[in-house]
Amino acid sequence: MYEKLDQYFPEHDLDKPVIEAASGGTSPTNITADIGLGPGVPPRDHSRIRAKKSIRIVAQEHKKRIDRTSMASHLAPQSDVDTISQNSKHASDMARKRSTKLWGSKLEEVTTENERFTRSNSGAPESPSGSGPTTFKWVRGELIGRGTYGRVYLALNATTGEMMAVKQVDIPQTASDKNDSRQATVVQALKSESETLKDLDHPNIVQYLGFEETPSNLSIFLEYVPGGSIGSVLLKHGKFREDVTKSFTGQILSGLEYLHSKGILHRDLKADNILVEMSGVCKISDFGISKRTAEQALGGGAATAMQGTVFWMAPEVINPQGKVYNSKIDIWSVGCVVLEMWAGMRPWNGDEMVAVMFKLASSKSPPPVPEGLILSELADDFRRKCFAINPDDRPSATELRKHRYLELPPGWTFTGFT
């Protein structure tokens with residue numbers, strides 16, 4: 001990706017010096033100097049001379065840091081590889097928390113075609129040693145998807161060189177837009193998502209990095225996961241091998257266990273909302289309709305509003321019968337995602353949404369096992385536990401993680417989808 005910056009950030013002059021360099025840097029920079037303005041007008045103080053880097057240089061420097069870490073692992077004796085890997089992961093995690101957590105920082109979009117915009121918004125200091133909040137400059141790249149609410153773009157943290165994703169929604173400007181309930185819902189959902197997730201930190205939850213509000217739009221900054229979603233991978237490669245399904249399911253449950261311990265229901269868990277790193281690490285994403293309830297952490301319920309996508313939805317969400325639902329709705333959705341990975345197609349494949357709603361509301365039927373899909377005894381037991389009609393009979397995420405179906409061979413590692 002770092003070798004194809006022009007492809008991913010086509011609207012920017014990546015070689016234009018716009019990012020103020022840290023003092024002592026050794027990378028190629030452009031010196032922006034104040035010169036004399038003519039007879040009788042003295043030159044300005046040379047202490048104000050500022051070195052600047054291009055976006056490409058900042059990205060290349062970050063890639064070199066990544067390559068050095070990778071090279072150290074490859075060159076080390078085999079006995080040291082695990083130790084280096086663990087230390088690198090720890091250092092990487094610490095660096096991520098220090099450098100890319102944007103909460104409380106000043107965020108500034110860099111527009112290389114209009115440097116005046118950049119300068120006019122650079123009132124905060126460039127480093128944590130300044131007197132005010134740290135300024136993170138960022139560059140918006142190509143559209144990479146659409147979430148439940150808003151558009152998602154690739155982005156580059158031009159201060160650190162790290163890739164991010166940014167989810168944006170437009171703030172209503174015209175009178176008609178302001179009267180559009182859908183627009184208001186979208187804006188409120190993104191604000192709610194930001195508040196719910198800004199303090200979460202788990203390896204199987206997409207890291208939310210920051211939030212910015214401007215007169216024209218709202219933006220949430222997220223960790224960038226380059227492998228795409230489980231849904232997109234299924235479309236490309238077809239159904240997964242059973243060991244991959246087991247690994248991904250265990251990770252999804254680990255992320256859910258963390259969310260539920262924080263009193264958060266996801267409410268829209270499906271293959272399209274679970275991202276996959278190239279290394280095989282899964283991360284739950286898209287919390288546009290997640291729900292936080294104080295009672296939920298103790299097993300209590302949530303509001304009875306029907307939220308989510310019907311094909312992955314539990315019966316009690318479709319037809320609550322005056323009762324509140326709880327975290328067990330996410331367990332039903334886990335069963336649907338596992339069925340997707342087994343079969344390579346969405347649950348209730350071939351059925352229309354209205355027909356599925358009727359089946360869930362009337363007979364409370366789980367999605368059927370597709371014809372030709374043969375499940376082992378353990379796999380079928382796992383499926384049945386997820387699809388228990390009575391929510392109280394479904395295991396919690398913590399309990400389900402211990403199911404024997406999810407056991408992997410000792411030393412198993414992810415090697416890809418083919």
# chains A, B, ... in the order shown; residues from 1 in each chain; ligands from 1
$ residues_around --residues "stretch 167-176 of chain A" --least-positions-apart "5" --cutoff "6 Å" --atoms "only C-alpha atoms" --output "list in words"
Gly150, Arg151, Val152, Ser216, Asn217, Leu218, Ser219 and Ile220 of chain A
$ write_last_selection --atoms "C-alpha atoms" --output "mmCIF file, in the first residue's frame"
data_model
loop_
_atom_site.group_PDB
_atom_site.id
_atom_site.type_symbol
_atom_site.label_atom_id
_atom_site.label_comp_id
_atom_site.auth_asym_id
_atom_site.auth_seq_id
_atom_site.Cartn_x
_atom_site.Cartn_y
_atom_site.Cartn_z
ATOM 1 C CA GLY A 150 -21.727 7.276 6.540
ATOM 2 C CA ARG A 151 -18.921 6.816 4.020
ATOM 3 C CA VAL A 152 -15.568 5.279 4.895
ATOM 4 C CA SER A 216 -19.589 20.551 7.038
ATOM 5 C CA ASN A 217 -19.124 17.026 8.414
ATOM 6 C CA LEU A 218 -18.490 14.664 11.311
ATOM 7 C CA SER A 219 -15.569 12.250 11.185
ATOM 8 C CA ILE A 220 -14.615 9.207 13.218
#
$ closest_residue --among "A:Ser365, A:Leu154, A:Asn326, A:Lys178" --to "A:Glu142" --atoms "only C-alpha atoms"
A:Leu154
$ closest_atom_pairs --of "stretch 173-259 of chain A" --to "stretch 327-340 of chain A" --cutoff "10 Å" --atoms "only C-alpha atoms" --output "Markdown table"
| residue | atom | partner | partner_atom | distance |
| --- | --- | --- | --- | --- |
| A:Ile230 | CA | A:Val337 | CA | 9.1 |
| A:Gly231 | CA | A:Glu340 | CA | 8.4 |
| A:Leu234 | CA | A:Glu340 | CA | 8.3 |
| A:Gly238 | CA | A:Glu340 | CA | 9.9 |
| A:Lys239 | CA | A:Glu340 | CA | 7.6 |
| A:Phe240 | CA | A:Glu340 | CA | 9.1 |
| A:Thr245 | CA | A:Val338 | CA | 7.0 |
| A:Lys246 | CA | A:Val338 | CA | 8.6 |
| A:Phe248 | CA | A:Val338 | CA | 8.9 |
| A:Thr249 | CA | A:Val338 | CA | 6.8 |
| A:Ile252 | CA | A:Val334 | CA | 7.9 |
| A:Leu253 | CA | A:Val334 | CA | 7.9 |
| A:Leu256 | CA | A:Asp330 | CA | 7.9 |
| A:Glu257 | CA | A:Ser327 | CA | 9.7 |
| A:Leu259 | CA | A:Ser327 | CA | 9.4 |
$ closest_residue --among "A:Ser254, A:Ile318, A:Thr418, A:Val187" --to "A:Glu399" --atoms "only C-alpha atoms"
A:Ser254
$ select_by_dssp --residues "stretch 122-272 of chain A" --states "strand (DSSP E)" --output "PyMOL selection string"
chain A and resi 135-146+151-157+162-170+208-213+217-223+264-265
$ write_last_selection --atoms "N, CA and C atoms" --output "CSV table (one decimal), in the first residue's frame"
chain,number,residue,atom,x,y,z
A,135,THR,N,-1.4,18.5,17.6
A,135,THR,CA,-2.0,18.6,16.3
A,135,THR,C,-1.7,17.4,15.5
A,136,PHE,N,-2.7,16.7,15.0
A,136,PHE,CA,-2.5,15.6,14.1
A,136,PHE,C,-3.0,16.0,12.7
A,137,LYS,N,-2.1,16.0,11.7
A,137,LYS,CA,-2.6,16.3,10.4
A,137,LYS,C,-2.9,15.0,9.7
A,138,TRP,N,-3.9,15.1,8.9
A,138,TRP,CA,-4.4,13.9,8.2
A,138,TRP,C,-4.8,14.2,6.7
A,139,VAL,N,-4.7,13.1,5.9
A,139,VAL,CA,-5.0,13.3,4.5
A,139,VAL,C,-6.0,12.2,4.1
A,140,ARG,N,-7.1,12.7,3.5
A,140,ARG,CA,-8.2,11.8,3.1
A,140,ARG,C,-7.9,11.2,1.7
A,141,GLY,N,-8.0,9.8,1.6
A,141,GLY,CA,-7.8,9.1,0.4
A,141,GLY,C,-9.1,8.6,-0.3
A,142,GLU,N,-9.0,7.5,-0.9
A,142,GLU,CA,-10.1,7.0,-1.7
A,142,GLU,C,-11.2,6.4,-0.9
A,143,LEU,N,-12.4,6.4,-1.4
A,143,LEU,CA,-13.6,5.8,-0.7
A,143,LEU,C,-13.3,4.3,-0.7
A,144,ILE,N,-13.4,3.7,0.5
A,144,ILE,CA,-13.2,2.2,0.6
A,144,ILE,C,-14.4,1.5,1.1
A,145,GLY,N,-15.5,2.2,1.4
A,145,GLY,CA,-16.7,1.5,1.8
A,145,GLY,C,-17.8,2.4,2.3
A,146,ARG,N,-18.9,1.8,2.6
A,146,ARG,CA,-20.0,2.5,3.3
A,146,ARG,C,-20.4,1.7,4.5
A,151,ARG,N,-19.9,7.3,5.0
A,151,ARG,CA,-18.9,6.8,4.0
A,151,ARG,C,-17.6,6.6,4.7
A,152,VAL,N,-16.8,5.6,4.3
A,152,VAL,CA,-15.6,5.3,4.9
A,152,VAL,C,-14.5,5.5,3.9
A,153,TYR,N,-13.5,6.3,4.2
A,153,TYR,CA,-12.3,6.6,3.4
A,153,TYR,C,-11.0,6.1,4.0
A,154,LEU,N,-10.1,5.7,3.1
A,154,LEU,CA,-8.7,5.5,3.5
A,154,LEU,C,-8.2,6.9,3.9
A,155,ALA,N,-7.4,6.9,5.0
A,155,ALA,CA,-6.7,8.1,5.4
A,155,ALA,C,-5.3,7.9,5.9
A,156,LEU,N,-4.5,8.9,5.8
A,156,LEU,CA,-3.1,8.8,6.3
A,156,LEU,C,-2.9,9.8,7.4
A,157,ASN,N,-2.4,9.3,8.6
A,157,ASN,CA,-2.0,10.3,9.6
A,157,ASN,C,-0.7,10.9,9.1
A,162,GLU,N,1.1,6.8,9.6
A,162,GLU,CA,0.3,5.5,9.7
A,162,GLU,C,-1.0,5.6,9.0
A,163,MET,N,-1.5,4.5,8.4
A,163,MET,CA,-2.7,4.5,7.7
A,163,MET,C,-3.9,4.4,8.7
A,164,MET,N,-5.0,5.0,8.3
A,164,MET,CA,-6.2,5.0,9.2
A,164,MET,C,-7.4,4.9,8.2
A,165,ALA,N,-8.5,4.7,8.8
A,165,ALA,CA,-9.8,4.8,8.1
A,165,ALA,C,-10.6,6.0,8.7
A,166,VAL,N,-11.3,6.7,7.9
A,166,VAL,CA,-12.2,7.8,8.5
A,166,VAL,C,-13.6,7.6,8.0
A,167,LYS,N,-14.5,7.5,8.9
A,167,LYS,CA,-15.9,7.4,8.6
A,167,LYS,C,-16.5,8.8,8.7
A,168,GLN,N,-17.2,9.3,7.7
A,168,GLN,CA,-17.7,10.6,7.6
A,168,GLN,C,-19.2,10.7,7.3
A,169,VAL,N,-19.9,11.6,7.9
A,169,VAL,CA,-21.2,11.9,7.5
A,169,VAL,C,-21.3,13.4,7.3
A,170,ASP,N,-22.2,13.9,6.4
A,170,ASP,CA,-22.4,15.3,6.2
A,170,ASP,C,-23.3,15.9,7.2
A,208,TYR,N,-10.9,2.6,17.7
A,208,TYR,CA,-11.4,4.0,17.4
A,208,TYR,C,-10.4,5.0,17.9
A,209,LEU,N,-10.0,5.8,17.0
A,209,LEU,CA,-8.8,6.7,17.3
A,209,LEU,C,-9.2,8.1,17.7
A,210,GLY,N,-10.2,8.6,17.1
A,210,GLY,CA,-10.6,10.0,17.3
A,210,GLY,C,-11.9,10.5,16.7
A,211,PHE,N,-12.3,11.7,17.0
A,211,PHE,CA,-13.5,12.2,16.5
A,211,PHE,C,-13.3,13.7,16.2
A,212,GLU,N,-13.9,14.1,15.0
A,212,GLU,CA,-13.7,15.6,14.6
A,212,GLU,C,-15.1,16.1,14.1
A,213,GLU,N,-15.4,17.3,14.5
A,213,GLU,CA,-16.6,17.9,14.0
A,213,GLU,C,-16.3,19.2,13.4
A,217,ASN,N,-19.0,18.5,8.2
A,217,ASN,CA,-19.1,17.0,8.4
A,217,ASN,C,-18.6,16.6,9.8
A,218,LEU,N,-19.0,15.3,10.1
A,218,LEU,CA,-18.5,14.7,11.3
A,218,LEU,C,-17.6,13.5,10.8
A,219,SER,N,-16.5,13.3,11.6
A,219,SER,CA,-15.6,12.3,11.2
A,219,SER,C,-15.2,11.4,12.4
A,220,ILE,N,-15.2,10.1,12.2
A,220,ILE,CA,-14.6,9.2,13.2
A,220,ILE,C,-13.4,8.6,12.6
A,221,PHE,N,-12.3,8.6,13.3
A,221,PHE,CA,-11.0,8.0,12.8
A,221,PHE,C,-10.8,6.6,13.4
A,222,LEU,N,-10.5,5.6,12.6
A,222,LEU,CA,-10.4,4.3,13.0
A,222,LEU,C,-9.1,3.6,12.6
A,223,GLU,N,-8.8,2.6,13.3
A,223,GLU,CA,-7.7,1.7,12.8
A,223,GLU,C,-8.0,1.2,11.5
A,264,ILE,N,-22.1,-3.3,26.5
A,264,ILE,CA,-22.4,-2.8,25.1
A,264,ILE,C,-23.0,-4.0,24.3
A,265,LEU,N,-24.1,-3.8,23.6
A,265,LEU,CA,-24.6,-4.7,22.7
A,265,LEU,C,-24.3,-4.2,21.3
$ closest_residue --among "A:Glu352, A:Ala158, A:Ala343, A:Ala51" --to "A:Gly372" --atoms "only C-alpha atoms"
A:Ala343
$ residues_around --residues "A:Leu5" --least-positions-apart "3" --cutoff "9 Å" --atoms "only C-alpha atoms" --output "JSON, numbers by chain"
{"A": [1, 2, 8, 9, 10, 14, 56, 59]}
$ write_last_selection --atoms "N, CA and C atoms" --output "PDB file, in the first residue's frame"
ATOM      1  N   MET A   1       0.825  -1.206   0.000  1.00  0.00           N
ATOM      2  CA  MET A   1       0.000   0.000   0.000  1.00  0.00           C
ATOM      3  C   MET A   1       0.862   1.260   0.000  1.00  0.00           C
ATOM      4  N   TYR A   2       1.960   1.251   0.786  1.00  0.00           N
ATOM      5  CA  TYR A   2       2.833   2.413   0.843  1.00  0.00           C
ATOM      6  C   TYR A   2       3.533   2.655  -0.491  1.00  0.00           C
ATOM      7  N   TYR A   8      -3.920   5.390  -4.023  1.00  0.00           N
ATOM      8  CA  TYR A   8      -4.875   5.490  -2.917  1.00  0.00           C
ATOM      9  C   TYR A   8      -5.180   6.935  -2.514  1.00  0.00           C
ATOM     10  N   PHE A   9      -4.286   7.871  -2.895  1.00  0.00           N
ATOM     11  CA  PHE A   9      -4.506   9.289  -2.573  1.00  0.00           C
ATOM     12  C   PHE A   9      -4.368  10.123  -3.852  1.00  0.00           C
ATOM     13  N   PRO A  10      -5.237   9.868  -4.846  1.00  0.00           N
ATOM     14  CA  PRO A  10      -5.075  10.460  -6.173  1.00  0.00           C
ATOM     15  C   PRO A  10      -5.312  11.966  -6.236  1.00  0.00           C
ATOM     16  N   LEU A  14       1.480  14.475  -3.475  1.00  0.00           N
ATOM     17  CA  LEU A  14       2.151  13.795  -2.368  1.00  0.00           C
ATOM     18  C   LEU A  14       3.587  14.259  -2.177  1.00  0.00           C
ATOM     19  N   ARG A  56       4.594  12.008   1.062  1.00  0.00           N
ATOM     20  CA  ARG A  56       5.280  10.790   0.642  1.00  0.00           C
ATOM     21  C   ARG A  56       6.466  10.467   1.557  1.00  0.00           C
ATOM     22  N   ALA A  59       5.251   9.086   4.889  1.00  0.00           N
ATOM     23  CA  ALA A  59       4.797   7.699   4.720  1.00  0.00           C
ATOM     24  C   ALA A  59       5.980   6.755   4.561  1.00  0.00           C
TER      25      ALA A  59
END
